[in-house]
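K.L.:
File work27.cif below, mmCIF, C-alpha atoms:
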```
data_input
#
loop_
_atom_site.label_atom_id
_atom_site.label_comp_id
_atom_site.auth_asym_id
_atom_site.auth_seq_id
_atom_site.Cartn_x
_atom_site.Cartn_y
_atom_site.Cartn_z
CA MET Q 1 8.50 72.08 -4.19
CA LEU Q 2 9.94 73.21 -7.56
CA LEU Q 3 10.20 69.57 -8.68
CA TRP Q 4 6.57 68.98 -7.70
CA ILE Q 5 5.18 71.92 -9.74
CA PRO Q 6 5.58 70.29 -13.20
CA ILE Q 7 3.79 67.19 -11.96
CA THR Q 8 0.87 69.03 -10.38
CA MET Q 9 0.40 71.16 -13.50
CA HIS Q 10 -0.62 68.03 -15.41
CA ALA Q 11 -2.29 66.19 -12.53
CA HIS Q 12 -6.00 66.02 -11.89
CA TRP Q 13 -8.61 64.03 -10.03
CA ARG Q 14 -11.44 62.05 -11.51
CA VAL Q 15 -14.33 60.46 -9.61
CA GLY Q 16 -17.12 58.29 -10.93
CA VAL Q 17 -19.42 55.33 -10.65
CA THR Q 18 -18.74 51.83 -11.94
CA GLY Q 19 -20.85 48.73 -12.50
CA GLY Q 20 -21.13 45.58 -14.52
CA THR Q 21 -21.44 41.83 -14.50
CA ASN Q 22 -19.01 39.14 -13.36
CA TYR Q 23 -18.40 35.42 -13.49
CA ASN Q 24 -16.92 33.77 -10.39
CA SER Q 25 -14.89 30.57 -10.71
CA TYR Q 26 -14.99 28.51 -7.50
CA SER Q 27 -12.04 26.20 -6.79
CA ILE Q 28 -12.82 23.28 -4.45
CA ASP Q 29 -11.65 19.70 -3.93
CA THR Q 30 -14.70 17.47 -3.35
CA HIS Q 31 -12.48 14.57 -2.17
CA TYR Q 32 -14.68 11.46 -1.84
CA MET Q 33 -18.00 13.27 -2.44
CA GLU Q 34 -18.28 12.21 -6.08
CA ASN Q 35 -21.97 13.10 -6.37
CA TRP Q 36 -21.42 16.77 -5.57
CA HIS Q 37 -20.41 19.09 -8.40
CA TYR Q 38 -19.45 22.76 -8.36
CA GLU Q 39 -19.45 25.35 -11.13
CA GLY Q 40 -18.96 29.06 -11.42
CA ALA Q 41 -21.91 31.46 -11.55
CA TRP Q 42 -22.75 34.94 -12.76
CA GLY Q 43 -23.21 37.94 -10.50
CA PHE Q 44 -23.01 41.73 -10.40
CA THR Q 45 -20.65 44.44 -9.24
CA ALA Q 46 -21.18 48.16 -8.55
CA GLY Q 47 -19.27 50.91 -6.80
CA ILE Q 48 -17.61 54.30 -6.76
CA MET Q 49 -14.10 55.18 -7.90
CA GLY Q 50 -11.49 57.87 -7.51
CA GLN Q 51 -8.34 58.29 -9.57
CA TYR Q 52 -5.47 60.72 -9.31
CA ASP Q 53 -3.55 61.13 -12.56
CA PHE Q 54 0.00 62.22 -11.81
CA LYS Q 55 0.69 62.58 -15.52
CA GLU Q 56 -1.21 61.83 -18.70
CA TRP Q 57 0.05 58.22 -18.75
CA ILE Q 58 0.12 57.20 -15.07
CA GLY Q 59 -2.29 57.44 -12.15
CA ALA Q 60 -3.43 55.77 -8.92
CA CYS Q 61 -6.97 54.40 -8.66
CA VAL Q 62 -9.03 53.37 -5.63
CA GLU Q 63 -12.52 51.87 -5.74
CA LEU Q 64 -15.13 50.91 -3.16
CA GLU Q 65 -17.30 48.12 -4.57
CA TRP Q 66 -20.09 45.72 -3.83
CA VAL Q 67 -19.15 42.45 -5.55
CA GLN Q 68 -20.97 39.13 -5.82
CA LYS Q 69 -18.80 35.99 -5.82
CA ASN Q 70 -21.38 33.33 -6.55
CA HIS Q 71 -21.14 29.68 -7.46
CA ARG Q 72 -23.43 26.78 -8.32
CA GLN Q 73 -23.65 23.46 -6.48
CA TYR Q 74 -25.58 20.53 -7.91
CA GLY Q 75 -25.91 16.85 -7.23
CA GLY Q 76 -25.69 13.63 -9.20
CA GLY Q 77 -26.60 10.03 -8.69
CA ALA Q 78 -29.95 8.57 -7.69
CA TYR Q 79 -30.56 10.63 -4.56
CA LEU Q 80 -29.12 14.04 -5.48
CA LYS Q 81 -29.97 14.39 -9.17
CA TYR Q 82 -32.70 16.98 -8.51
CA THR Q 83 -30.54 19.12 -6.22
CA ASN Q 84 -29.47 22.33 -7.93
CA LEU Q 85 -28.40 25.24 -5.73
CA LYS Q 86 -26.93 28.68 -6.34
CA ARG Q 87 -24.82 30.17 -3.58
CA TYR Q 88 -24.91 33.98 -3.44
CA ASN Q 89 -21.96 35.64 -1.68
CA ASN Q 90 -21.86 39.42 -1.27
CA TYR Q 91 -18.57 41.21 -0.58
CA ILE Q 92 -17.57 44.79 0.09
CA GLN Q 93 -14.27 45.25 -1.73
CA LEU Q 94 -11.49 47.85 -1.94
CA PRO Q 95 -9.11 47.57 -4.94
CA VAL Q 96 -6.03 49.83 -5.05
CA MET Q 97 -4.36 49.96 -8.46
CA ALA Q 98 -1.77 51.72 -10.57
CA SER Q 99 -3.21 52.83 -13.92
CA LEU Q 100 -0.98 53.01 -17.01
CA SER Q 101 -2.35 54.37 -20.27
CA ALA Q 102 -1.40 55.35 -23.82
CA GLY Q 103 -3.19 57.23 -26.61
CA ASN Q 104 -4.50 60.70 -27.31
CA ARG Q 105 -6.68 63.07 -25.28
CA ARG Q 106 -9.99 61.54 -26.40
CA TRP Q 107 -9.17 57.83 -26.75
CA ARG Q 108 -6.75 55.87 -24.59
CA GLY Q 109 -6.00 52.27 -23.83
CA PHE Q 110 -5.07 51.43 -20.25
CA VAL Q 111 -3.92 48.68 -17.89
CA ASN Q 112 -4.75 48.56 -14.17
CA LEU Q 113 -2.61 46.50 -11.77
CA GLY Q 114 -2.79 46.20 -8.00
CA SER Q 115 -4.28 44.35 -5.07
CA TYR Q 116 -7.54 44.31 -3.12
CA GLY Q 117 -8.98 43.60 0.28
CA ALA Q 118 -12.56 42.45 0.81
CA TRP Q 119 -15.05 41.55 3.54
CA TRP Q 120 -17.66 38.81 3.13
CA MET Q 121 -20.87 40.56 4.18
CA ASN Q 122 -23.54 37.87 3.79
CA LYS Q 123 -24.49 34.71 1.93
CA LYS Q 124 -27.68 33.11 0.66
CA THR Q 125 -28.73 29.82 -0.93
CA SER Q 126 -31.48 29.47 -3.52
CA GLY Q 127 -32.56 26.46 -5.57
CA ASP Q 128 -34.05 22.96 -5.52
CA ILE Q 129 -33.20 20.25 -3.00
CA THR Q 130 -33.79 16.49 -3.03
CA GLY Q 131 -34.87 14.15 -0.27
CA THR Q 132 -35.33 10.39 -0.20
CA TYR Q 133 -38.49 8.44 0.40
CA TYR Q 134 -38.25 4.66 0.89
CA GLY Q 135 -35.03 4.48 -1.09
CA SER Q 136 -36.19 6.48 -4.13
CA SER Q 137 -35.50 10.08 -5.16
CA LEU Q 138 -38.13 12.65 -4.30
CA LEU Q 139 -38.08 16.32 -5.21
CA ILE Q 140 -38.75 18.20 -2.00
CA GLY Q 141 -39.00 21.67 -3.42
CA HIS Q 142 -37.46 25.10 -3.80
CA ILE Q 143 -35.64 26.91 -1.01
CA THR Q 144 -34.38 30.47 -0.55
CA GLU Q 145 -32.68 31.13 2.74
CA ASN Q 146 -29.95 33.27 4.31
CA ASP Q 147 -27.00 31.25 5.55
CA PRO Q 148 -25.41 32.08 8.91
CA PHE Q 149 -21.65 32.44 9.22
CA SER Q 150 -19.60 30.02 11.31
CA GLU Q 151 -16.78 31.50 13.36
CA LYS Q 152 -14.98 28.16 13.12
CA LEU Q 153 -15.41 27.51 9.39
CA ASP Q 154 -15.81 30.75 7.43
CA ASN Q 155 -12.95 33.10 6.61
CA ARG Q 156 -14.73 36.38 5.97
CA PHE Q 157 -11.64 38.43 5.08
CA ASP Q 158 -10.36 38.16 1.51
CA PHE Q 159 -7.19 39.47 -0.09
CA GLY Q 160 -5.78 39.05 -3.57
CA LEU Q 161 -4.41 40.50 -6.78
CA VAL Q 162 -6.33 42.46 -9.39
CA GLY Q 163 -5.57 43.29 -13.00
CA GLY Q 164 -7.59 44.87 -15.78
CA ILE Q 165 -7.34 46.08 -19.36
CA GLY Q 166 -9.66 48.48 -21.15
CA ILE Q 167 -10.28 51.54 -23.27
CA GLU Q 168 -11.43 55.01 -22.20
CA TRP Q 169 -13.17 57.81 -24.05
CA GLN Q 170 -13.12 61.42 -22.86
CA PHE Q 171 -16.17 62.71 -24.72
CA CYS Q 172 -15.92 66.28 -23.38
CA LYS Q 173 -13.59 68.41 -21.29
CA SER Q 174 -14.93 67.31 -17.90
CA PHE Q 175 -16.52 63.90 -18.49
CA GLY Q 176 -15.51 60.53 -19.84
CA CYS Q 177 -16.13 56.81 -19.58
CA HIS Q 178 -14.27 53.57 -19.95
CA ALA Q 179 -14.96 49.86 -20.43
CA GLU Q 180 -12.73 47.34 -18.71
CA GLY Q 181 -12.24 43.61 -18.37
CA ARG Q 182 -10.85 42.71 -14.97
CA CYS Q 183 -9.71 39.67 -12.96
CA TYR Q 184 -9.74 39.41 -9.16
CA TYR Q 185 -7.49 36.53 -8.06
CA SER Q 186 -8.02 35.58 -4.41
CA THR Q 187 -5.03 34.35 -2.41
CA MET Q 188 -7.08 33.46 0.68
CA SER Q 189 -9.36 30.48 1.20
CA THR Q 190 -13.00 31.11 2.07
CA GLN Q 191 -12.68 28.30 4.63
CA LYS Q 192 -10.43 28.36 7.69
CA ASP Q 193 -7.92 25.59 8.40
CA TYR Q 194 -9.88 23.88 11.15
CA MET Q 195 -9.06 20.27 10.15
CA ALA Q 196 -5.84 18.27 10.03
CA ILE Q 197 -6.35 17.80 6.28
CA LYS Q 198 -6.20 21.08 4.42
CA ASP Q 199 -9.36 21.85 2.43
CA PRO Q 200 -8.98 25.35 0.88
CA LYS Q 201 -11.64 26.95 -1.34
CA TYR Q 202 -10.80 29.92 -3.58
CA ASN Q 203 -12.65 32.49 -5.68
CA THR Q 204 -11.39 33.90 -8.98
CA THR Q 205 -13.74 36.57 -10.31
CA TYR Q 206 -13.80 37.89 -13.88
CA SER Q 207 -15.75 41.11 -14.46
CA ILE Q 208 -16.78 43.39 -17.31
CA GLN Q 209 -17.25 46.91 -15.97
CA LEU Q 210 -18.38 50.25 -17.37
CA THR Q 211 -17.32 53.41 -15.55
CA ILE Q 212 -18.49 57.00 -16.00
CA TRP Q 213 -16.28 59.68 -14.45
CA LYS Q 214 -15.86 63.43 -14.06
CA TYR Q 215 -12.58 65.35 -14.06
CA PHE Q 216 -11.82 67.98 -11.42
#
```
Step by step, read the file and then write its structure as structure tokens.
P.N.:
Amino acid sequence: MLLWIPITMHAHWRVGVTGGTNYNSYSIDTHYMENWHYEGAWGFTAGIMGQYDFKEWIGACVELEWVQKNHRQYGGGAYLKYTNLKRYNNYIQLPVMASLSAGNRRWRGFVNLGSYGAWWMNKKTSGDITGTYYGSSLLIGHITENDPFSEKLDNRFDFGLVGGIGIEWQFCKSFGCHAEGRCYYSTMSTQKDYMAIKDPKYNTTYSIQLTIWKYF
């Protein structure tokens, strides 16, 4: 108990809200489907955070976030050249990180390192699709639809590593804010191994987040 007193004298909680934008890079092997192309896409993130600072320079941070991990799919060639789809994927995510910082009371630089678990809540497709009519390309039109999950194909649980770097500003005794660039590196495929040939698909999400917090 006596050893714990010096730590608790400098320790305090902070809670806050966080939000920002992100870019998700989608890793996929198209194999023989040469006319299908995949690119990353922009999305949003928002959530709440709590951090316990054991000392001025070290703390433990937990967040509960809604995160989009989107990507773009578009076609090429004569029959798919008008197809241009955006896949929206919404996750609920829980990062747990150690926070290391340096600086003075008002301005500090920090690094966050840890891991996260996430659950794929829902998915949606929006964009233009192409059909064929007597051997020629024909633009069918625009679609926006919710996609059902497949128990056989979709891996809805995600787990990975997270790291971030940023700067924080404590503008008064009880309130502050920080800006952070962060990377979420998934170690789990979004597709289950249901075939003899492995066909994994991975998300790597880069975010820019602004957080406003209050000390207690």
K.L.:
Could you jot down the CA of Lys55 (chain Q) to CA of Trp13 (chain Q) separation for me, Å, one decimal place?
P.N.:
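These atoms are spaced 10.9 Å apart.
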K.L.:
Run the PyMOL selection byres ((chain Q and resi 187) around 12) mentally over the shown coordinates, then write out the matched residues as JSON, numbers by chain, using the chain letters and numbers from the document.
P.N.:
{"Q": [27, 115, 116, 117, 118, 157, 158, 159, 160, 161, 162, 184, 185, 186, 188, 189, 190, 200, 201, 202, 203, 204, 205]}
K.L.:
Take the residues just selected and output them with C-alpha atoms as a PDB file, keeping the file's coordinate frame.
P.N.:
```pdb
ATOM      1  CA  SER Q  27     -12.040  26.200  -6.790  1.00  0.00           C
ATOM      2  CA  SER Q 115      -4.280  44.350  -5.070  1.00  0.00           C
ATOM      3  CA  TYR Q 116      -7.540  44.310  -3.120  1.00  0.00           C
ATOM      4  CA  GLY Q 117      -8.980  43.600   0.280  1.00  0.00           C
ATOM      5  CA  ALA Q 118     -12.560  42.450   0.810  1.00  0.00           C
ATOM      6  CA  PHE Q 157     -11.640  38.430   5.080  1.00  0.00           C
ATOM      7  CA  ASP Q 158     -10.360  38.160   1.510  1.00  0.00           C
ATOM      8  CA  PHE Q 159      -7.190  39.470  -0.090  1.00  0.00           C
ATOM      9  CA  GLY Q 160      -5.780  39.050  -3.570  1.00  0.00           C
ATOM     10  CA  LEU Q 161      -4.410  40.500  -6.780  1.00  0.00           C
ATOM     11  CA  VAL Q 162      -6.330  42.460  -9.390  1.00  0.00           C
ATOM     12  CA  TYR Q 184      -9.740  39.410  -9.160  1.00  0.00           C
ATOM     13  CA  TYR Q 185      -7.490  36.530  -8.060  1.00  0.00           C
ATOM     14  CA  SER Q 186      -8.020  35.580  -4.410  1.00  0.00           C
ATOM     15  CA  MET Q 188      -7.080  33.460   0.680  1.00  0.00           C
ATOM     16  CA  SER Q 189      -9.360  30.480   1.200  1.00  0.00           C
ATOM     17  CA  THR Q 190     -13.000  31.110   2.070  1.00  0.00           C
ATOM     18  CA  PRO Q 200      -8.980  25.350   0.880  1.00  0.00           C
ATOM     19  CA  LYS Q 201     -11.640  26.950  -1.340  1.00  0.00           C
ATOM     20  CA  TYR Q 202     -10.800  29.920  -3.580  1.00  0.00           C
ATOM     21  CA  ASN Q 203     -12.650  32.490  -5.680  1.00  0.00           C
ATOM     22  CA  THR Q 204     -11.390  33.900  -8.980  1.00  0.00           C
ATOM     23  CA  THR Q 205     -13.740  36.570 -10.310  1.00  0.00           C
TER      24      THR Q 205
END
```
K.L.:
Got a sec to resolve the PyMOL selection byres ((chain Q and resi 155) around 10) on this structure and send the residues as a PyMOL selection string?
P.N.:
chain Q and resi 119-120+149-154+156-158+188-193
K.L.:
Do you know which residues the PyMOL selection byres ((chain Q and resi 126) around 12) returns on this file, as a count of residues only?
P.N.:
25
K.L.:
Rank Q:Leu113, Q:Ala179, Q:Tyr206, Q:Gly103 by their smallest atom-to-atom distance to Tyr26 (chain Q), using all atoms listed in the file, and report the top residue only.
P.N.:
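Comparing Q:Leu113, Q:Ala179, Q:Tyr206, Q:Gly103 against Tyr26 (chain Q), the winner is Q:Tyr206.
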K.L.:
Can you find the residues with an atom no farther than 6 Å from (-23.0, 36.4, -10.8), counting only C-alpha atoms, and report them as a list in words?
P.N.:
Asn22, Tyr23, Ala41, Trp42, Gly43, Phe44 and Asn70 of chain Q
K.L.:
Write out, as JSON lines, each residue of region 48-118 of chain Q that has an atom at most 10 Å from region 16-20 of chain Q, together with the closest pair of atoms and their distance in Å to one decimal, counting all atoms listed in the file, rows going by chain and rising number.
P.N.:
```
{"residue": "Q:Ile48", "atom": "CA", "partner": "Q:Val17", "partner_atom": "CA", "distance": 4.4}
{"residue": "Q:Met49", "atom": "CA", "partner": "Q:Gly16", "partner_atom": "CA", "distance": 5.3}
{"residue": "Q:Gly50", "atom": "CA", "partner": "Q:Gly16", "partner_atom": "CA", "distance": 6.6}
{"residue": "Q:Gln51", "atom": "CA", "partner": "Q:Gly16", "partner_atom": "CA", "distance": 8.9}
{"residue": "Q:Glu63", "atom": "CA", "partner": "Q:Thr18", "partner_atom": "CA", "distance": 8.8}
{"residue": "Q:Leu64", "atom": "CA", "partner": "Q:Thr18", "partner_atom": "CA", "distance": 9.5}
{"residue": "Q:Glu65", "atom": "CA", "partner": "Q:Thr18", "partner_atom": "CA", "distance": 8.4}
{"residue": "Q:Trp66", "atom": "CA", "partner": "Q:Gly19", "partner_atom": "CA", "distance": 9.2}
{"residue": "Q:Val67", "atom": "CA", "partner": "Q:Gly19", "partner_atom": "CA", "distance": 9.5}
```
K.L.:
Between Q:Met33, Q:Leu210, Q:Ile58, Q:Leu100, single out the one closest to Arg182 (chain Q), counting all atoms listed in the file.
P.N.:
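The answer is Q:Leu210, which sits nearest to Arg182 (chain Q).
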K.L.:
CA of Gly40 (chain Q) and CA of Met121 (chain Q), how far apart in Å?
P.N.:
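Going from CA of Met121 (chain Q) over to CA of Gly40 (chain Q), I get 19.5 Å.
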K.L.:
Of the residues Q:Lys69, Q:Arg106, Q:His12, Q:His37, which is the one nearest to Gly176 (chain Q), using all atoms listed in the file?
P.N.:
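Distance minimum relative to Gly176 (chain Q) lands on Q:Arg106.
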K.L.:
Measure the distance from CA of Trp169 (chain Q) to CA of Gln68 (chain Q) in Å and round it to one decimal.
P.N.:
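Taking CA of Trp169 (chain Q) as the start and CA of Gln68 (chain Q) as the end point, the length is 27.2 Å.
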K.L.:
So that all listed atoms of region 169-178 of chain Q fit with 6 Å spare on each side, what axis-aligned box centre and edge lengths in Å, to one decimal, would you give as lines of an AutoDock Vina configuration file?
P.N.:
```
center_x = -14.8
center_y = 61.0
center_z = -21.3
size_x = 15.4
size_y = 26.8
size_z = 18.8
```
K.L.:
So that I can see what lies close to Gly166 (chain Q), please list as a list in words the residues with an atom at most 7 Å from it, counting all atoms listed in the file and leaving out residues fewer than 5 positions away in the same chain.
P.N.:
Gly109, Phe110, Val111, His178, Ala179, Glu180 and Gly181 of chain Q
